[in-house]
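model.cif follows (mmCIF, C-alpha atoms (C1' of nucleotides)):
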```cif
data_input
loop_
_atom_site.label_atom_id
_atom_site.label_comp_id
_atom_site.auth_asym_id
_atom_site.auth_seq_id
_atom_site.Cartn_x
_atom_site.Cartn_y
_atom_site.Cartn_z
CA MET A 1 -19.57 -7.54 -7.08
CA ASP A 2 -19.76 -11.08 -5.78
CA ALA A 3 -18.07 -13.17 -3.09
CA VAL A 4 -14.95 -13.71 -5.23
CA ASP A 5 -14.51 -9.95 -5.72
CA ARG A 6 -14.77 -9.43 -1.97
CA GLN A 7 -12.19 -12.18 -1.41
CA ILE A 8 -9.82 -10.51 -3.89
CA LEU A 9 -10.28 -7.14 -2.16
CA GLU A 10 -9.62 -8.73 1.22
CA LEU A 11 -6.33 -10.17 -0.04
CA LEU A 12 -5.17 -6.97 -1.73
CA ALA A 13 -6.15 -4.85 1.27
CA SER A 14 -3.54 -6.61 3.38
CA HIS A 15 -0.97 -7.72 0.76
CA ALA A 16 -1.08 -5.41 -2.24
CA ARG A 17 1.98 -7.00 -3.92
CA THR A 18 0.54 -10.53 -3.98
CA PRO A 19 0.91 -11.87 -7.56
CA VAL A 20 -2.34 -12.31 -9.49
CA SER A 21 -1.43 -15.98 -9.97
CA GLU A 22 -1.30 -16.45 -6.18
CA ILE A 23 -4.62 -14.63 -5.68
CA ALA A 24 -6.09 -16.87 -8.38
CA ARG A 25 -4.91 -19.96 -6.51
CA GLN A 26 -6.47 -18.74 -3.27
CA VAL A 27 -9.85 -17.88 -4.77
CA GLY A 28 -9.96 -21.01 -6.93
CA LEU A 29 -9.87 -19.44 -10.39
CA SER A 30 -7.23 -19.16 -13.09
CA ALA A 31 -5.12 -16.01 -13.41
CA ALA A 32 -6.84 -14.40 -16.41
CA PRO A 33 -10.31 -13.84 -14.88
CA VAL A 34 -8.73 -12.60 -11.64
CA ALA A 35 -6.72 -10.02 -13.59
CA ARG A 36 -9.92 -8.97 -15.38
CA ARG A 37 -11.75 -8.60 -12.05
CA ILE A 38 -8.97 -6.51 -10.52
CA GLU A 39 -8.91 -4.23 -13.56
CA ARG A 40 -12.68 -3.82 -13.32
CA LEU A 41 -12.48 -3.00 -9.59
CA GLU A 42 -9.78 -0.41 -10.32
CA ARG A 43 -11.83 1.23 -13.08
CA ALA A 44 -14.92 1.27 -10.84
CA GLY A 45 -12.90 3.08 -8.18
CA VAL A 46 -13.42 0.36 -5.59
CA ILE A 47 -9.63 0.00 -5.54
CA LYS A 48 -8.28 3.56 -5.29
CA GLY A 49 -4.60 2.69 -5.31
CA TYR A 50 -1.80 0.64 -3.83
CA VAL A 51 0.50 2.12 -1.19
CA ALA A 52 3.47 0.99 0.85
CA VAL A 53 2.99 1.42 4.60
CA LEU A 54 6.17 3.02 5.94
CA ASP A 55 7.63 3.49 9.39
CA GLU A 56 8.14 7.23 8.96
CA GLY A 57 10.05 7.45 12.25
CA LYS A 58 12.75 5.14 10.86
CA SER A 59 13.37 7.52 7.97
CA GLY A 60 13.57 10.38 10.47
CA ARG A 61 10.20 11.82 9.63
CA LEU A 62 7.14 12.73 11.65
CA GLU A 63 3.66 11.39 10.96
CA ALA A 64 0.54 13.10 12.27
CA PHE A 65 -3.22 13.38 11.92
CA THR A 66 -4.74 16.84 11.79
CA GLU A 67 -8.42 17.24 12.54
CA ILE A 68 -9.95 20.16 10.67
CA ARG A 69 -13.00 22.18 11.56
CA LEU A 70 -14.40 24.33 8.74
CA HIS A 71 -16.24 27.62 8.80
CA GLY A 72 -20.01 27.12 8.66
CA ASP A 73 -20.35 28.24 5.04
CA THR A 74 -17.51 26.13 3.60
CA ASP A 75 -17.97 23.06 1.44
CA SER A 76 -15.65 20.21 2.41
CA ALA A 77 -15.00 19.39 -1.27
CA GLU A 78 -13.48 22.86 -1.65
CA VAL A 79 -10.98 22.25 1.16
CA SER A 80 -10.23 18.74 -0.09
CA GLU A 81 -9.18 20.28 -3.40
CA LEU A 82 -7.03 22.97 -1.76
CA LEU A 83 -5.20 20.43 0.40
CA ARG A 84 -4.34 18.30 -2.62
CA HIS A 85 -1.74 20.92 -3.40
CA LEU A 86 0.13 20.33 -0.13
CA PRO A 87 2.46 17.38 -0.79
CA GLU A 88 2.74 16.69 2.96
CA VAL A 89 -0.96 15.75 3.02
CA ARG A 90 -0.95 12.05 2.13
CA GLN A 91 -4.59 11.20 2.82
CA TYR A 92 -7.76 13.22 3.24
CA PHE A 93 -10.91 11.98 4.99
CA THR A 94 -14.24 13.82 4.97
CA ILE A 95 -15.91 13.16 8.32
CA ALA A 96 -19.61 13.03 9.27
CA GLY A 97 -19.86 15.24 12.35
CA ASP A 98 -17.13 16.97 14.32
CA PRO A 99 -14.39 17.48 13.08
CA ASP A 100 -15.31 18.03 9.41
CA ALA A 101 -12.16 16.44 8.01
CA VAL A 102 -9.05 14.54 9.04
CA VAL A 103 -5.79 14.49 7.11
CA ARG A 104 -2.76 12.25 7.54
CA ILE A 105 0.43 14.22 7.02
CA VAL A 106 4.14 13.34 6.88
CA VAL A 107 6.71 16.03 7.70
CA SER A 108 10.43 16.19 8.47
CA ASP A 109 10.25 17.86 11.90
CA VAL A 110 8.04 19.97 14.18
CA GLY A 111 9.00 23.19 12.38
CA HIS A 112 7.83 21.65 9.14
CA LEU A 113 4.66 20.46 10.89
CA GLN A 114 3.95 24.00 12.01
CA ARG A 115 4.42 25.37 8.49
CA VAL A 116 2.01 22.79 7.07
CA VAL A 117 -0.66 23.50 9.70
CA ASN A 118 -0.25 27.22 9.09
CA ALA A 119 -0.61 26.64 5.35
CA MET A 120 -3.90 24.86 6.02
CA ARG A 121 -5.15 27.73 8.17
CA ARG A 122 -4.08 30.30 5.58
CA THR A 123 -6.57 28.87 3.08
CA GLY A 124 -9.15 30.92 4.98
CA LYS A 125 -11.54 27.97 4.94
CA VAL A 126 -10.34 26.40 8.17
CA ALA A 127 -11.87 27.49 11.49
CA GLY A 128 -9.65 25.33 13.68
CA THR A 129 -7.25 22.40 13.78
CA LYS A 130 -6.09 19.80 16.28
CA THR A 131 -3.00 17.77 15.50
CA LEU A 132 -2.34 14.24 16.80
CA ILE A 133 1.29 13.17 16.53
CA VAL A 134 1.83 9.48 15.76
CA MET A 135 4.44 7.75 17.92
CA ASP A 136 3.95 4.18 16.73
CA SER A 137 1.59 2.29 14.47
CA TRP A 138 0.79 -1.04 12.93
CA SER A 139 -1.44 -2.15 10.09
CA ARG A 140 -2.95 -5.59 9.79
CA GLN A 141 -0.73 -8.14 8.06
CA PRO A 142 2.92 -7.15 8.00
CA ILE A 143 5.42 -8.31 5.42
CA GLU A 144 5.86 -12.07 5.34
CA PRO A 145 9.25 -13.75 5.17
CA ARG A 146 9.96 -14.49 1.52
CA ALA A 147 9.52 -18.00 0.18
CA HIS A 148 12.65 -19.75 -1.14
CA MET B 1 19.76 4.98 4.04
CA ASP B 2 20.72 7.29 1.21
CA ALA B 3 18.97 9.48 -1.35
CA VAL B 4 18.19 6.51 -3.62
CA ASP B 5 16.50 4.67 -0.75
CA ARG B 6 14.37 7.71 -0.04
CA GLN B 7 13.45 7.96 -3.70
CA ILE B 8 12.43 4.29 -3.75
CA LEU B 9 10.30 4.79 -0.62
CA GLU B 10 8.66 7.84 -2.17
CA LEU B 11 7.70 5.84 -5.25
CA LEU B 12 6.42 2.82 -3.32
CA ALA B 13 4.49 5.03 -0.89
CA SER B 14 2.27 6.22 -3.70
CA HIS B 15 2.41 3.29 -6.15
CA ALA B 16 3.12 0.06 -4.31
CA ARG B 17 2.62 -2.16 -7.38
CA THR B 18 5.22 -0.40 -9.50
CA PRO B 19 7.53 -3.09 -10.95
CA VAL B 20 11.10 -3.11 -9.65
CA SER B 21 12.33 -2.63 -13.22
CA GLU B 22 10.35 0.62 -13.50
CA ILE B 23 11.60 1.87 -10.13
CA ALA B 24 15.12 1.04 -11.30
CA ARG B 25 14.61 3.11 -14.44
CA GLN B 26 13.37 6.09 -12.42
CA VAL B 27 16.22 6.04 -9.88
CA GLY B 28 18.86 5.33 -12.52
CA LEU B 29 20.02 1.89 -11.42
CA SER B 30 19.49 -1.62 -12.76
CA ALA B 31 16.83 -3.88 -11.29
CA ALA B 32 18.99 -6.16 -9.10
CA PRO B 33 20.32 -3.56 -6.64
CA VAL B 34 16.90 -1.94 -6.38
CA ALA B 35 15.40 -5.30 -5.44
CA ARG B 36 18.12 -5.77 -2.81
CA ARG B 37 17.49 -2.29 -1.41
CA ILE B 38 13.76 -2.93 -1.16
CA GLU B 39 14.39 -6.25 0.59
CA ARG B 40 16.73 -4.51 3.03
CA LEU B 41 14.16 -1.78 3.73
CA GLU B 42 11.52 -4.45 4.35
CA ARG B 43 13.74 -6.37 6.76
CA ALA B 44 14.66 -3.17 8.60
CA GLY B 45 10.94 -2.48 9.08
CA VAL B 46 11.08 0.81 7.20
CA ILE B 47 8.57 -0.72 4.80
CA LYS B 48 5.89 -2.32 6.99
CA GLY B 49 3.75 -3.71 4.21
CA TYR B 50 1.84 -3.03 1.01
CA VAL B 51 -1.90 -2.37 1.06
CA ALA B 52 -4.63 -1.59 -1.45
CA VAL B 53 -6.57 1.57 -0.65
CA LEU B 54 -10.27 0.73 -1.08
CA ASP B 55 -13.41 2.79 -1.36
CA GLU B 56 -15.20 0.95 1.43
CA GLY B 57 -18.48 2.74 0.68
CA LYS B 58 -18.54 1.18 -2.80
CA SER B 59 -18.44 -2.30 -1.28
CA GLY B 60 -21.27 -1.29 1.07
CA ARG B 61 -19.07 -0.96 4.12
CA LEU B 62 -18.47 1.75 6.68
CA GLU B 63 -15.04 3.17 7.48
CA ALA B 64 -14.35 5.06 10.72
CA PHE B 65 -11.64 6.34 13.01
CA THR B 66 -12.05 5.73 16.73
CA GLU B 67 -10.06 7.84 19.14
CA ILE B 68 -9.26 5.99 22.34
CA ARG B 69 -8.49 7.40 25.77
CA LEU B 70 -6.92 4.93 28.21
CA HIS B 71 -7.11 4.66 31.95
CA GLY B 72 -4.17 6.40 33.62
CA ASP B 73 -2.42 3.17 34.61
CA THR B 74 -2.68 1.44 31.21
CA ASP B 75 0.24 0.89 28.85
CA SER B 76 -0.68 1.64 25.24
CA ALA B 77 1.28 -1.43 24.04
CA GLU B 78 -1.12 -3.58 26.04
CA VAL B 79 -4.18 -2.17 24.26
CA SER B 80 -2.42 -2.33 20.89
CA GLU B 81 -2.01 -6.08 21.44
CA LEU B 82 -5.63 -6.58 22.54
CA LEU B 83 -7.00 -4.74 19.50
CA ARG B 84 -4.94 -6.89 17.12
CA HIS B 85 -7.52 -9.59 17.82
CA LEU B 86 -10.38 -7.51 16.42
CA PRO B 87 -10.34 -8.09 12.64
CA GLU B 88 -12.31 -4.86 12.06
CA VAL B 89 -9.33 -2.86 13.36
CA ARG B 90 -7.19 -2.34 10.24
CA GLN B 91 -4.66 0.14 11.61
CA TYR B 92 -3.57 1.22 15.07
CA PHE B 93 -1.78 4.51 15.88
CA THR B 94 -0.24 5.34 19.25
CA ILE B 95 -0.63 9.09 19.77
CA ALA B 96 1.48 11.55 21.76
CA GLY B 97 -1.05 13.46 23.86
CA ASP B 98 -4.82 13.29 23.85
CA PRO B 99 -6.26 10.87 22.71
CA ASP B 100 -3.84 8.02 23.52
CA ALA B 101 -4.55 6.02 20.39
CA VAL B 102 -6.48 6.13 17.11
CA VAL B 103 -7.68 3.11 15.17
CA ARG B 104 -9.03 2.89 11.65
CA ILE B 105 -11.86 0.38 11.47
CA VAL B 106 -13.98 -1.09 8.67
CA VAL B 107 -17.44 -2.47 9.49
CA SER B 108 -20.53 -3.54 7.57
CA ASP B 109 -23.07 -1.19 9.20
CA VAL B 110 -23.73 0.96 12.28
CA GLY B 111 -24.84 -2.03 14.34
CA HIS B 112 -21.52 -3.68 13.56
CA LEU B 113 -19.75 -0.43 14.45
CA GLN B 114 -21.46 -0.39 17.82
CA ARG B 115 -20.43 -3.97 18.53
CA VAL B 116 -16.79 -3.20 17.70
CA VAL B 117 -16.71 -0.07 19.87
CA ASN B 118 -18.30 -2.04 22.70
CA ALA B 119 -15.71 -4.77 22.28
CA MET B 120 -12.97 -2.16 22.66
CA ARG B 121 -14.60 -0.79 25.81
CA ARG B 122 -15.06 -4.28 27.26
CA THR B 123 -11.27 -4.78 27.35
CA GLY B 124 -11.43 -2.75 30.58
CA LYS B 125 -8.41 -0.74 29.48
CA VAL B 126 -10.37 1.94 27.65
CA ALA B 127 -11.61 5.02 29.52
CA GLY B 128 -13.43 6.60 26.59
CA THR B 129 -13.88 6.60 22.81
CA LYS B 130 -14.93 9.04 20.11
CA THR B 131 -15.76 7.71 16.68
CA LEU B 132 -15.40 9.70 13.44
CA ILE B 133 -17.30 8.22 10.51
CA VAL B 134 -15.61 8.60 7.12
CA MET B 135 -17.87 9.82 4.31
CA ASP B 136 -15.27 10.25 1.59
CA SER B 137 -11.51 10.07 1.24
CA TRP B 138 -8.60 10.27 -1.16
CA SER B 139 -4.99 9.28 -0.93
CA ARG B 140 -2.22 10.88 -2.96
CA GLN B 141 -1.66 9.35 -6.41
CA PRO B 142 -4.60 7.34 -7.68
CA ILE B 143 -4.36 4.43 -10.08
CA GLU B 144 -2.90 5.31 -13.46
CA PRO B 145 -4.30 4.10 -16.74
CA ARG B 146 -2.35 0.97 -17.65
CA ALA B 147 0.46 1.16 -20.18
CA HIS B 148 -0.02 -0.75 -23.44
"C1'" DG C 1 -14.41 -18.43 -17.03
"C1'" DG C 2 -10.45 -21.21 -19.26
"C1'" DT C 3 -6.28 -21.93 -22.49
"C1'" DG C 4 -1.94 -21.19 -24.61
"C1'" DA C 5 1.61 -18.26 -26.47
"C1'" DA C 6 4.34 -14.02 -26.34
"C1'" DA C 7 6.11 -10.28 -23.66
"C1'" DG C 8 7.77 -8.87 -19.37
"C1'" DA C 9 9.36 -9.13 -14.51
"C1'" DA C 10 11.73 -11.39 -10.64
"C1'" DG C 11 15.56 -13.78 -8.48
"C1'" DG C 12 20.13 -15.75 -8.59
"C1'" DA C 13 25.03 -16.28 -10.10
"C1'" DA C 14 29.27 -14.47 -11.95
"C1'" DG C 15 32.19 -10.69 -12.76
"C1'" DA C 16 33.88 -5.51 -13.16
"C1'" DG C 17 34.96 -1.28 -10.74
"C1'" DC D 1 31.02 -3.76 -1.10
"C1'" DT D 2 27.73 -2.28 -4.57
"C1'" DC D 3 26.33 -2.16 -9.37
"C1'" DT D 4 25.92 -4.67 -13.88
"C1'" DT D 5 24.98 -8.26 -17.01
"C1'" DC D 6 23.26 -12.37 -18.18
"C1'" DC D 7 20.17 -16.47 -17.52
"C1'" DT D 8 16.34 -19.13 -15.87
"C1'" DT D 9 11.85 -19.27 -13.93
"C1'" DC D 10 7.56 -17.34 -12.92
"C1'" DT D 11 4.00 -13.87 -13.97
"C1'" DT D 12 1.17 -11.04 -16.77
"C1'" DT D 13 -1.38 -10.06 -20.83
"C1'" DC D 14 -3.87 -10.95 -24.97
"C1'" DA D 15 -6.47 -13.26 -28.58
"C1'" DC D 16 -9.52 -16.84 -28.86
"C1'" DC D 17 -12.59 -20.82 -27.30
#
```
What does this structure look like when you write it as structure tokens?
Amino acid sequence: MDAVDRQILELLASHARTPVSEIARQVGLSAAPVARRIERLERAGVIKGYVAVLDEGKSGRLEAFTEIRLHGDTDSAEVSELLRHLPEVRQYFTIAGDPDAVVRIVVSDVGHLQRVVNAMRRTGKVAGTKTLIVMDSWSRQPIEPRAH
Amino acid sequence: MDAVDRQILELLASHARTPVSEIARQVGLSAAPVARRIERLERAGVIKGYVAVLDEGKSGRLEAFTEIRLHGDTDSAEVSELLRHLPEVRQYFTIAGDPDAVVRIVVSDVGHLQRVVNAMRRTGKVAGTKTLIVMDSWSRQPIEPRAH
DNA sequence: GGTGAAAGAAGGAAGAG
DNA sequence: CTCTTCCTTCTTTCACC
């Protein structure tokens, strides 16, 4: 992984739909080697995926972070696997320290939120949770006006 | 916003690089109206942007969440604006309750982390912080093997 | 890493329901 | 007013240098 790879990652991290040809222009290479580099970074797991950042509030949904504390004898990998089966859990983060994990969840309303948190507790692996409800958010680099 | 819009959002939320033609196939429309719907959703701010999800550890970097508590007289929009100027802050979430905000940050090492947290405190708006260091993470729907 | 050709996708215009 | 069907242009992908 060299400076060009890092430059490509930087561009994709903020604008995942940028055409390879445009990335190539910006890093000073032709399109073919850039496509090869991106494919290599995907296979190596450096790029885990490409996602659209949504304003969940505008589609009438509720976004939240839930901090999870595990029982002393529980492996976090075990819980990570269990929570993969809850479709409301969009992202899972294993944390060093307290809490043990944080998940980002998207639900339709507070009743739904409660059901999801209860489902997490019912795994028997979770000692406690604390849920942070998101009111507003931004991520670096919004959508640019389209070129014409 | 109808059922087709929601279906499009669902697809883009997990696979942001899916071609419009493929989305069209999955929702049962032709490509042109799907493209117009996506453009409309972007303009309405429902789609805020497209980002690559990276394994920061594999590029030798450190990912963390910092929870921020504000002084009683501080508006969260004010802090949101100040933190936009820190390039290490990738995402900002305004929270209902305690803490007041959460940011996702990416830094090169713990020294860098300390400098960023100090920079947040030096704004004078921040009453306290708690930083959660990410050891591992997943997001729903990883990269698929490419079609041939 | 670059080149060139073939396949595929995007964006725009015209027309049907 | 929204979807469809072309059509043109740009992008991606692949074999090869």
Which residues, named as in the file, does the PyMOL selection byres ((chain B) within 9 of (chain C)) pick out? Answer as a list in words.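 For this structure, the PyMOL selection byres ((chain B) within 9 of (chain C)) captures Pro19, Val20, Ser21, Ala32 and Ala35 of chain B.
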Please save C-alpha atoms of the selected residues as a PDB file, keeping the file's coordinate frame.
```pdb
ATOM      1  CA  PRO B  19       7.530  -3.090 -10.950  1.00  0.00           C
ATOM      2  CA  VAL B  20      11.100  -3.110  -9.650  1.00  0.00           C
ATOM      3  CA  SER B  21      12.330  -2.630 -13.220  1.00  0.00           C
ATOM      4  CA  ALA B  32      18.990  -6.160  -9.100  1.00  0.00           C
ATOM      5  CA  ALA B  35      15.400  -5.300  -5.440  1.00  0.00           C
TER       6      ALA B  35
END
```
Restrict the distance test to all atoms listed in the file, flag each residue of chain D within 8 Å of chain B, and return the flagged residues as a ChimeraX atom specification. /D:2-4
Given a cut-off of 7 Å, which residues of chain B touch chain A, counting all atoms listed in the file, written out as an MDAnalysis selection string? chainID B and resid 12:17 45:55 58 90:96 132:140 142:143
Which distance in Å separates atom CA of Leu62 of chain B and atom CA of Asn118 of chain B, to one decimal?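 Result for atom CA of Leu62 of chain B versus atom CA of Asn118 of chain B: 16.5 Å, one decimal.
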Figure out the distance between atom CA of Gly128 of chain A and atom CA of Ile105 of chain A, please, to one decimal in Å.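 Pair atom CA of Ile105 of chain A / atom CA of Gly128 of chain A returns 16.4 Å.
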Just give me the gap between atom CA of Leu86 of chain A and atom CA of Val106 of chain A in Å, one decimal is fine. 10.7 Å
Just so the selection is clear, what residues does the PyMOL selection byres ((chain A and resi 129) around 7) cover here, as a ChimeraX atom specification? /A:66-69,128,130-131
Step by step, work through what the PyMOL selection byres ((chain A and resi 72) around 10) selects in the shown file, and finish by giving those residues as a ChimeraX atom specification. /A:69-71,73-75,125-127
Could the centre and edge lengths of an axis-aligned box, enclosing all atoms of segment 1-15 of chain D in the file with 8 Å extra on each side, be given in Å to one decimal as lines of an AutoDock Vina configuration file?
```
center_x = 12.3
center_y = -10.7
center_z = -14.8
size_x = 53.5
size_y = 33.1
size_z = 43.5
```
